[in-house]
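Asker: Contents are compact mmCIF, C-alpha atoms; file name query.txt:
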```txt
# COMPACT_ATOMS: atom_id res chain seq x y z
CA MET A 1 12.77 -18.74 21.08
CA ARG A 2 15.73 -17.51 19.01
CA LEU A 3 14.50 -16.22 15.66
CA THR A 4 16.21 -14.63 12.70
CA VAL A 5 14.50 -12.38 10.18
CA ILE A 6 16.17 -12.26 6.76
CA GLY A 7 15.56 -8.92 5.09
CA THR A 8 14.92 -5.78 7.15
CA GLY A 9 12.78 -3.74 4.79
CA TYR A 10 9.18 -2.86 5.53
CA LEU A 11 8.02 -6.44 6.19
CA GLY A 12 11.20 -7.70 7.85
CA ALA A 13 11.78 -4.78 10.23
CA THR A 14 8.15 -4.91 11.35
CA HIS A 15 8.19 -8.67 11.83
CA ALA A 16 11.48 -8.58 13.74
CA ALA A 17 10.29 -5.86 16.13
CA CYS A 18 6.96 -7.55 16.73
CA MET A 19 8.53 -10.95 17.37
CA ALA A 20 10.72 -9.26 20.01
CA GLU A 21 7.57 -7.72 21.48
CA LEU A 22 6.11 -11.24 21.74
CA GLY A 23 9.08 -12.21 23.89
CA HIS A 24 11.52 -13.83 21.47
CA GLU A 25 15.19 -13.07 20.96
CA VAL A 26 15.47 -11.79 17.40
CA LEU A 27 18.38 -11.21 15.03
CA GLY A 28 17.59 -9.22 11.89
CA VAL A 29 19.81 -9.90 8.88
CA ASP A 30 20.38 -7.68 5.86
CA VAL A 31 23.03 -7.31 3.14
CA ASP A 32 22.86 -3.50 3.40
CA PRO A 33 25.28 -2.35 6.12
CA ASP A 34 23.83 1.18 6.19
CA LYS A 35 20.35 -0.17 6.88
CA VAL A 36 21.71 -2.44 9.61
CA ALA A 37 23.60 0.47 11.21
CA ALA A 38 20.47 2.64 11.20
CA LEU A 39 18.33 -0.09 12.77
CA ARG A 40 20.97 -0.80 15.40
CA ALA A 41 20.70 2.86 16.34
CA GLY A 42 16.92 2.57 16.57
CA ARG A 43 16.27 4.52 13.36
CA VAL A 44 13.63 3.30 10.90
CA PRO A 45 14.23 4.35 7.27
CA PHE A 46 10.51 4.54 6.44
CA HIS A 47 7.33 5.80 8.08
CA GLU A 48 5.20 3.30 9.95
CA PRO A 49 3.24 4.36 13.05
CA GLY A 50 4.43 2.67 16.24
CA LEU A 51 7.39 0.86 14.68
CA PRO A 52 10.22 3.27 15.66
CA GLU A 53 9.17 3.06 19.30
CA LEU A 54 9.08 -0.74 19.18
CA ILE A 55 12.52 -1.02 17.55
CA ALA A 56 14.04 1.48 19.97
CA LYS A 57 12.53 -0.39 22.92
CA HIS A 58 13.87 -3.78 21.94
CA THR A 59 17.27 -2.72 20.61
CA ALA A 60 17.79 -0.99 23.97
CA SER A 61 16.77 -4.13 25.88
CA GLY A 62 19.05 -6.32 23.76
CA ARG A 63 16.18 -8.56 22.68
CA LEU A 64 16.44 -7.27 19.10
CA ARG A 65 19.74 -7.07 17.22
CA PHE A 66 20.80 -6.63 13.59
CA THR A 67 23.67 -7.99 11.54
CA THR A 68 25.00 -8.57 8.04
CA ASP A 69 26.59 -11.90 9.07
CA TYR A 70 24.68 -14.93 7.75
CA ALA A 71 27.00 -17.34 9.57
CA ALA A 72 26.16 -15.70 12.88
CA ALA A 73 22.47 -15.79 11.99
CA GLY A 74 22.63 -19.48 11.14
CA ALA A 75 24.30 -20.30 14.42
CA PHE A 76 21.85 -18.17 16.38
CA GLY A 77 18.43 -19.01 15.04
CA GLU A 78 16.07 -21.90 15.71
CA VAL A 79 13.61 -20.49 13.16
CA HIS A 80 14.54 -18.28 10.19
CA PHE A 81 11.91 -16.02 8.61
CA VAL A 82 12.56 -14.85 5.05
CA CYS A 83 11.00 -11.42 4.50
CA VAL A 84 12.51 -10.07 1.27
CA GLY A 85 10.76 -8.36 -1.61
CA THR A 86 9.29 -9.88 -4.78
CA PRO A 87 9.05 -6.97 -7.23
CA GLN A 88 7.59 -7.24 -10.70
CA ARG A 89 10.11 -8.59 -13.20
CA LYS A 90 11.34 -6.11 -15.77
CA GLY A 91 9.59 -6.68 -19.08
CA SER A 92 7.11 -9.13 -17.55
CA GLU A 93 4.01 -9.31 -15.38
CA GLY A 94 5.64 -12.07 -13.34
CA ALA A 95 7.16 -11.79 -9.88
CA ASP A 96 10.93 -11.58 -9.47
CA VAL A 97 11.82 -14.14 -6.77
CA THR A 98 15.58 -13.61 -7.11
CA HIS A 99 15.84 -12.13 -3.62
CA VAL A 100 13.81 -14.96 -2.09
CA ASP A 101 16.00 -17.60 -3.74
CA ALA A 102 19.17 -15.81 -2.62
CA ALA A 103 17.97 -15.40 0.96
CA PHE A 104 16.99 -19.07 1.30
CA ALA A 105 20.31 -20.17 -0.17
CA ALA A 106 22.30 -17.85 2.10
CA ILE A 107 20.66 -18.85 5.37
CA ALA A 108 20.31 -22.55 4.46
CA GLY A 109 24.08 -22.68 3.94
CA HIS A 110 24.62 -21.74 7.59
CA ALA A 111 21.51 -23.04 9.38
CA ALA A 112 21.69 -26.02 11.70
CA GLU A 113 20.46 -29.31 10.31
CA GLY A 114 16.70 -29.56 10.71
CA ALA A 115 16.24 -25.82 11.22
CA LEU A 116 12.94 -24.36 10.09
CA LEU A 117 13.07 -21.82 7.25
CA VAL A 118 9.80 -19.90 6.98
CA GLY A 119 8.90 -17.82 3.95
CA LYS A 120 6.74 -14.76 4.51
CA SER A 121 7.26 -13.08 1.14
CA THR A 122 4.43 -13.00 -1.40
CA VAL A 123 5.47 -15.50 -4.06
CA PRO A 124 4.05 -17.33 -7.09
CA VAL A 125 2.37 -20.58 -6.15
CA GLY A 126 4.89 -23.43 -6.39
CA THR A 127 7.79 -21.46 -4.91
CA ALA A 128 7.73 -23.18 -1.50
CA GLU A 129 7.73 -26.63 -3.11
CA ARG A 130 10.70 -25.68 -5.29
CA LEU A 131 12.67 -24.25 -2.37
CA ALA A 132 11.97 -27.29 -0.20
CA ALA A 133 13.34 -29.55 -2.94
CA ALA A 134 16.43 -27.35 -3.31
CA HIS A 135 17.24 -27.22 0.42
CA GLN A 136 16.59 -30.68 1.80
CA GLY A 137 18.94 -30.26 4.79
CA VAL A 138 16.42 -27.88 6.37
CA GLU A 139 12.66 -27.84 6.72
CA VAL A 140 10.64 -25.25 4.82
CA ALA A 141 7.30 -23.72 5.80
CA TRP A 142 5.27 -20.78 4.50
CA ASN A 143 3.60 -18.16 6.66
CA PRO A 144 2.21 -15.39 4.42
CA GLU A 145 1.97 -11.84 5.72
CA PHE A 146 -1.19 -9.73 5.64
CA LEU A 147 0.12 -6.33 6.68
CA ARG A 148 -1.55 -3.03 5.83
CA GLU A 149 0.82 -0.11 5.61
CA GLY A 150 -0.04 2.29 8.40
CA PHE A 151 -1.32 -0.59 10.58
CA ALA A 152 1.56 -3.06 10.26
CA VAL A 153 2.40 -3.32 13.97
CA GLU A 154 -1.23 -3.90 14.89
CA ASP A 155 -1.66 -6.42 12.06
CA THR A 156 1.37 -8.41 13.25
CA LEU A 157 0.60 -8.43 16.96
CA ARG A 158 -3.18 -8.80 16.57
CA PRO A 159 -3.79 -10.33 13.12
CA ASP A 160 -7.23 -11.36 11.92
CA ARG A 161 -5.81 -14.81 11.03
CA LEU A 162 -2.60 -16.80 10.80
CA VAL A 163 -1.87 -19.16 7.92
CA PHE A 164 0.75 -21.93 8.15
CA GLY A 165 1.83 -23.77 5.03
CA VAL A 166 3.50 -26.89 6.44
CA ARG A 167 4.42 -30.43 5.53
CA SER A 168 4.85 -31.86 9.02
CA SER A 169 3.34 -31.69 12.49
CA HIS A 170 6.81 -30.69 13.71
CA ALA A 171 6.80 -27.51 11.60
CA GLU A 172 3.30 -26.63 12.77
CA THR A 173 4.27 -27.20 16.40
CA ILE A 174 7.26 -24.86 16.03
CA LEU A 175 5.17 -22.13 14.42
CA ARG A 176 2.50 -22.51 17.09
CA LYS A 177 5.22 -21.92 19.68
CA VAL A 178 6.45 -18.81 17.82
CA TYR A 179 2.96 -17.34 17.71
CA ALA A 180 1.73 -18.69 21.06
CA PRO A 181 0.73 -15.29 22.52
CA VAL A 182 -1.18 -14.43 19.33
CA LEU A 183 -2.96 -17.78 19.25
CA ASP A 184 -3.73 -17.60 22.97
CA ALA A 185 -5.51 -14.30 22.28
CA GLY A 186 -7.95 -16.17 20.03
CA THR A 187 -6.53 -15.49 16.57
CA PRO A 188 -7.87 -18.06 14.06
CA LEU A 189 -5.29 -20.41 12.56
CA VAL A 190 -5.52 -22.03 9.14
CA SER A 191 -3.05 -24.87 8.59
CA ALA A 192 -2.62 -25.73 4.92
CA ASP A 193 -0.35 -27.29 2.33
CA PHE A 194 2.28 -25.22 0.52
CA PRO A 195 0.29 -24.17 -2.56
CA THR A 196 -2.82 -23.23 -0.59
CA ALA A 197 -0.82 -21.11 1.86
CA GLU A 198 0.87 -19.29 -1.02
CA LEU A 199 -2.47 -18.75 -2.76
CA VAL A 200 -4.15 -17.30 0.34
CA LYS A 201 -2.15 -14.08 0.09
CA THR A 202 -2.42 -13.65 -3.66
CA ALA A 203 -6.13 -14.53 -3.61
CA ALA A 204 -6.80 -12.04 -0.81
CA ASN A 205 -5.02 -9.25 -2.68
CA ALA A 206 -6.81 -10.16 -5.90
CA PHE A 207 -10.19 -10.01 -4.18
CA LEU A 208 -9.49 -6.62 -2.57
CA ALA A 209 -8.24 -5.19 -5.85
CA THR A 210 -11.33 -6.55 -7.62
CA LYS A 211 -13.67 -4.96 -5.09
CA ILE A 212 -11.95 -1.58 -5.46
CA SER A 213 -12.05 -1.75 -9.24
CA PHE A 214 -15.66 -2.94 -9.18
CA ILE A 215 -16.87 0.19 -7.42
CA ASN A 216 -14.68 2.31 -9.69
CA ALA A 217 -16.29 0.64 -12.71
CA MET A 218 -19.64 1.56 -11.17
CA ALA A 219 -18.31 5.12 -10.88
CA GLU A 220 -17.69 5.10 -14.64
CA ILE A 221 -21.28 4.01 -15.22
CA CYS A 222 -22.55 6.69 -12.83
CA GLU A 223 -20.52 9.36 -14.61
CA ALA A 224 -22.01 8.30 -17.94
CA ALA A 225 -25.58 7.97 -16.67
CA GLY A 226 -25.72 10.80 -14.15
CA GLY A 227 -25.88 8.56 -11.08
CA ASP A 228 -24.16 8.94 -7.72
CA VAL A 229 -21.69 6.17 -6.89
CA GLY A 230 -21.58 7.19 -3.23
CA VAL A 231 -25.29 6.49 -2.80
CA LEU A 232 -25.00 3.34 -4.91
CA ALA A 233 -22.16 2.03 -2.71
CA GLU A 234 -24.13 2.76 0.45
CA ALA A 235 -27.15 0.89 -0.86
CA ILE A 236 -25.33 -2.26 -1.97
CA GLY A 237 -23.09 -2.19 1.11
CA TYR A 238 -26.05 -2.93 3.37
CA ASP A 239 -26.12 -6.42 1.83
CA ASP A 240 -23.95 -8.38 4.27
CA ARG A 241 -22.82 -10.63 1.43
CA ILE A 242 -21.17 -7.54 -0.09
CA GLY A 243 -20.32 -5.30 2.87
CA LYS A 244 -19.29 -1.65 2.92
CA LYS A 245 -15.50 -1.98 3.06
CA PHE A 246 -13.49 -1.12 -0.06
CA LEU A 247 -16.57 0.34 -1.76
CA ARG A 248 -15.43 3.96 -1.88
CA ALA A 249 -14.90 5.11 -5.45
CA GLY A 250 -11.89 7.25 -6.22
CA ILE A 251 -8.57 7.41 -7.98
CA GLY A 252 -7.80 3.74 -7.28
CA PHE A 253 -5.13 1.68 -5.59
CA GLY A 254 -1.35 1.82 -5.80
CA GLY A 255 1.60 0.85 -3.63
CA GLY A 256 4.12 -1.94 -3.74
CA CYS A 257 1.67 -4.83 -3.30
CA LEU A 258 -1.73 -4.83 -5.01
CA PRO A 259 -0.68 -3.72 -8.52
CA LYS A 260 2.29 -6.05 -8.90
CA ASP A 261 0.65 -8.92 -7.01
CA ILE A 262 -2.44 -9.12 -9.23
CA ARG A 263 -0.23 -8.98 -12.34
CA ALA A 264 2.00 -11.74 -10.98
CA PHE A 265 -1.04 -13.83 -10.04
CA ALA A 266 -2.50 -13.60 -13.56
CA HIS A 267 0.92 -14.38 -15.03
CA ARG A 268 1.41 -17.45 -12.85
CA ALA A 269 -2.11 -18.65 -13.66
CA ASP A 270 -1.22 -18.45 -17.36
CA GLU A 271 1.82 -20.64 -16.70
CA LEU A 272 -0.45 -23.17 -15.01
CA GLY A 273 -2.94 -23.13 -17.89
CA VAL A 274 -5.63 -21.20 -16.03
CA SER A 275 -7.07 -17.88 -17.21
CA LEU A 276 -7.36 -15.06 -14.69
CA ASP A 277 -7.77 -12.41 -17.37
CA PHE A 278 -10.39 -10.64 -15.28
CA LEU A 279 -7.50 -9.45 -13.10
CA ARG A 280 -6.04 -7.65 -16.10
CA GLU A 281 -9.32 -5.78 -16.47
CA VAL A 282 -9.22 -5.01 -12.72
CA ASP A 283 -5.79 -3.49 -13.35
CA ALA A 284 -7.03 -1.58 -16.41
CA ILE A 285 -10.02 -0.12 -14.54
CA ASN A 286 -7.68 1.00 -11.79
CA MET A 287 -5.39 2.81 -14.22
CA ARG A 288 -8.35 4.45 -15.98
CA ARG A 289 -9.30 6.29 -12.80
CA ARG A 290 -6.00 8.16 -12.97
CA ASP A 291 -6.87 9.08 -16.55
CA LYS A 292 -10.22 10.38 -15.30
CA VAL A 293 -8.61 12.78 -12.82
CA VAL A 294 -6.34 14.15 -15.53
CA GLU A 295 -9.38 14.52 -17.82
CA VAL A 296 -11.37 16.40 -15.16
CA ALA A 297 -8.38 18.66 -14.44
CA ARG A 298 -8.16 19.58 -18.12
CA GLU A 299 -11.90 20.19 -18.27
CA LEU A 300 -11.87 22.51 -15.26
CA CYS A 301 -8.93 24.40 -16.74
CA GLY A 302 -10.83 25.05 -19.94
CA GLY A 303 -9.47 22.18 -22.01
CA SER A 304 -5.76 22.58 -21.25
CA VAL A 305 -3.67 22.70 -18.06
CA LEU A 306 -0.84 24.58 -19.78
CA GLY A 307 0.34 27.22 -17.30
CA ALA A 308 -2.30 26.34 -14.70
CA ARG A 309 -1.25 26.40 -11.06
CA ILE A 310 -2.42 23.09 -9.58
CA ALA A 311 -2.13 22.02 -5.94
CA VAL A 312 -1.95 18.27 -5.32
CA LEU A 313 -2.76 17.17 -1.79
CA GLY A 314 -0.99 13.86 -1.34
CA ALA A 315 2.09 12.01 -2.58
CA ALA A 316 2.05 8.69 -0.70
CA PHE A 317 -0.07 5.95 -2.23
CA LYS A 318 -2.11 5.84 1.00
CA PRO A 319 -2.25 7.70 4.32
CA ASP A 320 -0.03 6.84 7.32
CA SER A 321 2.79 5.92 4.95
CA ASP A 322 5.68 7.54 3.11
CA ASP A 323 5.56 4.86 0.40
CA ILE A 324 5.28 6.38 -3.08
CA ARG A 325 5.57 3.16 -5.08
CA ASP A 326 3.03 3.31 -7.91
CA SER A 327 1.38 6.28 -6.20
CA PRO A 328 -1.78 7.39 -8.05
CA ALA A 329 -1.29 10.92 -6.68
CA LEU A 330 2.23 11.30 -8.04
CA ASN A 331 1.30 9.63 -11.32
CA VAL A 332 -1.41 12.24 -11.88
CA ALA A 333 0.84 15.09 -10.70
CA ALA A 334 3.64 14.06 -13.07
CA ARG A 335 1.28 13.75 -16.04
CA LEU A 336 -0.14 17.22 -15.42
CA ARG A 337 3.39 18.59 -15.14
CA LEU A 338 4.25 17.02 -18.51
CA ASP A 339 1.14 18.74 -19.93
CA GLY A 340 2.58 22.10 -18.87
CA ALA A 341 0.90 22.67 -15.50
CA ASP A 342 2.70 24.33 -12.59
CA VAL A 343 2.15 21.56 -10.01
CA THR A 344 2.82 21.90 -6.28
CA VAL A 345 2.57 18.79 -4.08
CA TYR A 346 2.19 18.51 -0.33
CA ASP A 347 2.21 15.34 1.78
CA PRO A 348 2.71 15.02 5.56
CA GLU A 349 5.29 12.20 5.29
CA ALA A 350 6.27 11.39 1.71
CA LEU A 351 7.86 14.64 0.46
CA ASP A 352 11.47 13.45 0.66
CA ASN A 353 10.71 10.27 -1.27
CA ALA A 354 8.63 12.19 -3.80
CA ARG A 355 11.38 14.77 -4.42
CA LYS A 356 13.89 12.02 -5.18
CA ALA A 357 11.58 10.25 -7.62
CA PHE A 358 9.92 13.33 -9.21
CA PRO A 359 12.40 16.24 -8.94
CA LEU A 360 10.61 18.36 -11.57
CA LEU A 361 7.47 18.74 -9.48
CA GLY A 362 7.09 21.61 -7.04
CA TYR A 363 6.76 20.86 -3.32
CA ALA A 364 5.29 22.76 -0.38
CA MET A 365 5.92 22.36 3.33
CA SER A 366 2.26 22.68 4.28
CA ALA A 367 -1.17 22.34 2.74
CA GLU A 368 -1.66 26.09 3.09
CA GLU A 369 1.53 26.76 1.12
CA ALA A 370 0.41 24.36 -1.62
CA LEU A 371 -2.98 26.05 -1.88
CA GLN A 372 -1.56 29.56 -2.14
CA GLY A 373 -2.53 30.96 -5.56
CA ALA A 374 -3.78 27.59 -6.87
CA GLU A 375 -6.26 27.61 -9.73
CA LEU A 376 -7.23 23.97 -9.12
CA VAL A 377 -6.88 21.70 -6.07
CA LEU A 378 -6.68 17.90 -6.38
CA HIS A 379 -7.20 15.82 -3.23
CA LEU A 380 -5.46 12.53 -4.05
CA THR A 381 -4.27 10.89 -0.78
CA GLU A 382 -6.79 10.56 2.04
CA TRP A 383 -4.72 11.89 4.94
CA PRO A 384 -6.92 12.91 7.91
CA GLN A 385 -5.22 16.33 7.83
CA PHE A 386 -6.76 17.03 4.44
CA ARG A 387 -10.28 16.20 5.64
CA GLU A 388 -9.74 18.71 8.44
CA ILE A 389 -8.86 21.63 6.13
CA ASP A 390 -11.22 24.56 6.70
CA PRO A 391 -12.72 25.30 3.25
CA GLU A 392 -13.69 28.84 4.32
CA ARG A 393 -10.09 29.64 5.17
CA ALA A 394 -8.77 27.75 2.15
CA VAL A 395 -10.98 29.69 -0.27
CA ARG A 396 -9.06 32.86 0.65
CA LEU A 397 -5.74 31.26 -0.31
CA VAL A 398 -6.51 30.06 -3.83
CA ALA A 399 -6.83 31.98 -7.08
CA ARG A 400 -9.87 29.93 -8.16
CA PRO A 401 -11.95 27.80 -5.74
CA LEU A 402 -12.04 24.56 -7.73
CA ILE A 403 -11.43 21.21 -6.01
CA VAL A 404 -11.55 17.60 -7.20
CA ASP A 405 -11.91 14.99 -4.46
CA GLY A 406 -10.12 11.97 -5.87
CA ARG A 407 -10.74 9.91 -2.73
CA GLY A 408 -14.41 10.52 -2.08
CA VAL A 409 -14.00 11.46 1.59
CA LEU A 410 -14.43 15.25 1.71
CA ASP A 411 -17.73 16.81 2.79
CA ALA A 412 -19.11 18.18 -0.48
CA ASP A 413 -21.74 20.35 1.19
CA ARG A 414 -19.19 21.97 3.50
CA TRP A 415 -16.91 22.89 0.61
CA THR A 416 -19.75 24.05 -1.63
CA VAL A 417 -21.24 26.31 1.06
CA ALA A 418 -17.79 27.87 1.47
CA GLY A 419 -17.86 28.90 -2.20
CA TRP A 420 -15.99 26.04 -3.85
CA TYR A 421 -16.81 24.28 -7.11
CA PHE A 422 -16.60 20.67 -5.89
CA ARG A 423 -16.17 17.54 -8.01
CA ALA A 424 -15.93 13.95 -6.83
CA LEU A 425 -15.37 10.93 -9.04
CA GLY A 426 -18.51 8.96 -9.86
CA ARG A 427 -20.85 11.71 -8.72
CA PRO A 428 -22.81 14.16 -10.86
CA ALA A 429 -20.93 17.35 -11.74
CA PRO A 430 -22.51 20.41 -10.12
CA ALA A 431 -25.03 21.95 -12.49
CA GLY A 432 -25.97 25.53 -13.24
CA GLU A 433 -24.04 28.73 -13.03
CA ARG A 434 -21.23 27.43 -10.81
CA SER A 435 -20.32 24.63 -13.22
CA SER A 436 -20.53 26.73 -16.37
CA GLY A 437 -18.69 29.56 -14.64
CA ALA A 438 -15.78 27.28 -13.72
CA SER A 439 -15.42 26.12 -17.30
CA ARG A 440 -15.81 29.64 -18.71
CA GLU A 441 -13.14 31.09 -16.39
CA GLY A 442 -10.80 28.30 -17.40
CA ARG A 443 -11.31 28.96 -21.11
CA GLU A 444 -10.73 32.68 -20.67
CA ARG A 445 -7.51 32.15 -18.72
CA THR A 446 -6.20 29.63 -21.23
```
Give the structure from this file in structure tokens form.

Answerer:
Amino acid sequence: MRLTVIGTGYLGATHAACMAELGHEVLGVDVDPDKVAALRAGRVPFHEPGLPELIAKHTASGRLRFTTDYAAAGAFGEVHFVCVGTPQRKGSEGADVTHVDAAFAAIAGHAAEGALLVGKSTVPVGTAERLAAAHQGVEVAWNPEFLREGFAVEDTLRPDRLVFGVRSSHAETILRKVYAPVLDAGTPLVSADFPTAELVKTAANAFLATKISFINAMAEICEAAGGDVGVLAEAIGYDDRIGKKFLRAGIGFGGGCLPKDIRAFAHRADELGVSLDFLREVDAINMRRRDKVVEVARELCGGSVLGARIAVLGAAFKPDSDDIRDSPALNVAARLRLDGADVTVYDPEALDNARKAFPLLGYAMSAEEALQGAELVLHLTEWPQFREIDPERAVRLVARPLIVDGRGVLDADRWTVAGWYFRALGRPAPAGERSSGASREGRERT
């Protein structure tokens, strides 16, 4: 089929490349000529494993092209996917759907009569109904995305489910044709009305955020009572009604989706007369975990981080990404810098983005460089490279062997045997001479 993809950011570029991989002819459309020029040349302006190779493959074959011309897109496409962002509105918890409205209006003005316009953006429930009423010369459907950064290509080509929000059998038939190879591979399909399809994405994000904040709330209880949240999570995770996924306590979630999506969901519920205030507490718990890391850093530095040399391992909000939007790691790093610490950050992919957003922080080109002379190490993004650091070698680089595992993935015994004072969120602080010695050294230096 001939498909257009409106918006060539993270979602749009991935969707366009994957639709070409499924065998369709695809035209990506964007208002940014620089972005279009880069994609035409096979360059991807963000880090996503496997995507550059896919775009290079299909731009070379001619199956995937990019343009800024909406008229050309309208003439070309049988199906038009809208993949633009819905950021949080300034001064509000609600979602800003300005870009979605503009994209629908732009392509609808050029699309052939009866063309199918498919929204993939995460939007407040009721958006599809409103757009369908506004653009009656075309047919509207909704097909929410469920991409995980770092796994976006895999999640598009081999998703765990497809959801179609449709009003007619014709729209469902067209979407089944678009996704035929995916459906033939056995992917479950849920066909729904507009509001249900819109709610599937926001409900899924709300549930994942709630599960993460639940285990972090349990970490708070464990910290107060002397329990171990890692053991607690293992025990409750054996219950198949609960499961083990998303039960690792740490510094919490960030990125461009979960935080703004749960806020927008609660806001939209308020507009509909339904209370989802528990999502605001989910958000608050998440933000408190960043406070906890700052608190522990101050404690280990003797009550103040003023003048302390702190190494932060991680800048991206998650591994396999260069996305720093609402990054817990950079939020903590910036707060410690404001408190007077000498902070050096290292990340395998996100340094350029971090430098632009936080120019006052220090940056290193390797983990070893970041660790050199550090008096405290904070592990805040769970890159595999950080789990592979040799603590025996690392202990010779730092000024004081103190580490806080903000992601709960490092081997505490391995680091402790190598001579490190090791702290993990939600787990008992090491007792005895090592703990008191760390605090005493910090007080003396301060």

Asker: From the options A:Val100, A:Ala374, A:Val409, A:Ala266, which residue's atoms come nearest to A:Arg387, counting all atoms listed in the file?

Answerer: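 Among the listed residues, A:Val409 lies closest to A:Arg387.
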
Asker: Between A:Lys201, A:Arg309, A:Arg280, A:His24, which is the closest to A:Ala370 once you count all atoms listed in the file?

Answerer: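 Closest candidate: A:Arg309.
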
Asker: Which of these residues is nearest to A:Pro87, using only C-alpha atoms: A:Ala72, A:Ala264, A:Ala367, A:Leu147?

Answerer: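 That would be A:Ala264, the residue with the smallest distance to A:Pro87.
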
Asker: Within 9 Å of A:Pro159, counting only C-alpha atoms, which residues qualify if same-chain residues fewer than 6 places away don't, as a PyMOL selection string?

Answerer: chain A and resi 146-147+182+187-188

Asker: Show me, as a PyMOL selection string, the residues that have an atom within 12 Å of A:Val296 when counting all atoms listed in the file, minus same-chain residues fewer than 5 positions from it.

Answerer: chain A and resi 223+251+289-291+301-305+332+336+376-378+402-406+422-426+429+438-439

Asker: So the first atom is atom CA of A:Ser168 and the second is atom CA of A:Leu3; what is the distance between them in Å, to one decimal place?

Answerer: 19.5 Å

Asker: Can you pull out the residues contacting stretch 211-219 of chain A? Cut-off 9 Å, using only C-alpha atoms, and skip same-chain residues under 5 positions away; I want them as a list of chain:residue names.

Answerer: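 The residues that qualify are A:Ala206, A:Ala224, A:Gly227, A:Asp228, A:Val229, A:Gly230, A:Leu232, A:Ala233, A:Lys245, A:Phe246, A:Leu247, A:Arg248, A:Ala249, A:Gly250, A:Ile251, A:Gly252, A:Phe253, A:Glu281, A:Val282, A:Asp283, A:Ala284, A:Ile285, A:Asn286, A:Arg289, A:Leu425, A:Gly426, A:Arg427.
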